[in-house]
Amino acid sequence: MRPSNFQGNIHIINFPSSTSAAQLAELFDDFGLVLGAHIKSIPSTGGHLRLGIVSLAPDKVADEAIEKLQGYQMGGQKLKLKRAKQPVKGEKKPHAHGQRQPAPERPMLSSAEMFPAQAAPPPRKVIVEYRGRRALNRAITR
């Protein structure tokens with residue numbers, strides 16, 4: 001299983017379902033250093049989706065590899081390759097239901113505006129009854 005942050009620079013589709021990640025990596029070995037290869041699978045069945053990602057270094061040889069391997073016959077299937085989009089730092093992925101809307105601008109409020117002064121309620125009368133120690137001890141032991 002690949003780490004969730006694996007980012008290749010080449011996407012490959014339409015390869016035979018019997019292909020392994022090692023075979024994909026071996027295919028790109030002649031162009032540069034293969035940092036990793038991954039084949040996406042269906043979680044419920046474990047079968048392949050026939051979509052692969054390869055990370056090739058240095059980055060400039062990825063275009064050469066795509067050009068030379070485009071349409072390459074592998075197990076009776078023509079490979080289709082394209083350059084993977086590299087995420088821009090700070091750019092967020094769109095929300096599942098479309099582009100997420102930014103929060104509306106709200107003016108900054110001062111503490112006086114947030115908590116307006118209210119008239120204090122009138123003081124409550126509190127009646128305290130003192131019974132002394134003996135009465136308190138009798139009430140506890142009963």
# chains A, B, ... in the order shown; residues from 1 in each chain; ligands from 1
call {"tool": "residues_around", "arguments": {"residues": "Ser20 (chain A)", "least_positions_apart": "3", "cutoff": "8 Å", "atoms": "only C-alpha atoms", "output": "ChimeraX atom specification"}}
result
/A:23-24,39
call {"tool": "write_last_selection", "arguments": {"atoms": "C-alpha atoms", "output": "PDB file, in the first residue's frame"}}
result
ATOM      1  CA  GLN A  23       7.223  -3.979 -13.717  1.00  0.00           C
ATOM      2  CA  LEU A  24       6.107  -0.357 -14.158  1.00  0.00           C
ATOM      3  CA  ILE A  39      -0.813   0.876  -9.111  1.00  0.00           C
TER       4      ILE A  39
END
call {"tool": "select_by_dssp", "arguments": {"residues": "region 24-120 of chain A", "states": "strand (DSSP E or B)", "output": "PyMOL selection string"}}
result
chain A and resi 33-41+48-57+73-74+77-78+80-83+95+98
call {"tool": "write_last_selection", "arguments": {"atoms": "C-alpha atoms", "output": "CSV table (one decimal), in the first residue's frame"}}
result
chain,number,residue,atom,x,y,z
A,33,LEU,CA,16.1,7.1,-11.3
A,34,VAL,CA,12.7,5.6,-10.4
A,35,LEU,CA,11.8,6.9,-6.9
A,36,GLY,CA,8.6,4.9,-6.7
A,37,ALA,CA,5.7,3.3,-8.6
A,38,HIS,CA,2.2,2.6,-7.5
A,39,ILE,CA,-0.8,0.9,-9.1
A,40,LYS,CA,-4.2,2.0,-7.9
A,41,SER,CA,-6.5,-0.9,-6.8
A,48,HIS,CA,-6.4,-3.2,-10.3
A,49,LEU,CA,-7.9,-0.1,-11.9
A,50,ARG,CA,-5.2,-0.1,-14.5
A,51,LEU,CA,-4.1,3.3,-13.3
A,52,GLY,CA,-0.5,3.8,-12.3
A,53,ILE,CA,1.8,6.5,-10.9
A,54,VAL,CA,5.5,6.6,-11.3
A,55,SER,CA,7.9,9.1,-9.7
A,56,LEU,CA,10.9,9.6,-12.0
A,57,ALA,CA,14.0,11.7,-11.2
A,73,GLN,CA,2.6,-2.1,-26.4
A,74,MET,CA,2.7,-3.9,-23.1
A,77,GLN,CA,-2.3,-3.0,-24.6
A,78,LYS,CA,-1.2,0.5,-25.8
A,80,LYS,CA,-1.3,6.1,-22.4
A,81,LEU,CA,0.9,8.4,-20.4
A,82,LYS,CA,0.5,12.0,-19.2
A,83,ARG,CA,2.4,14.4,-17.0
A,95,HIS,CA,-14.5,20.5,-2.0
A,98,GLY,CA,-17.7,21.8,-5.9
call {"tool": "closest_residue", "arguments": {"among": "A:Pro16, A:Pro104, A:Gly8, A:Pro116", "to": "Gly47 (chain A)", "atoms": "only C-alpha atoms"}}
result
A:Pro16
call {"tool": "atom_distance", "arguments": {"atom1": "CA of Ile66 (chain A)", "atom2": "CA of Pro43 (chain A)"}}
result
28.3 Å
call {"tool": "atom_distance", "arguments": {"atom1": "CA of Pro58 (chain A)", "atom2": "CA of Gly75 (chain A)"}}
result
27.8 Å
call {"tool": "atom_distance", "arguments": {"atom1": "CA of Asp63 (chain A)", "atom2": "CA of Ile10 (chain A)"}}
result
8.6 Å
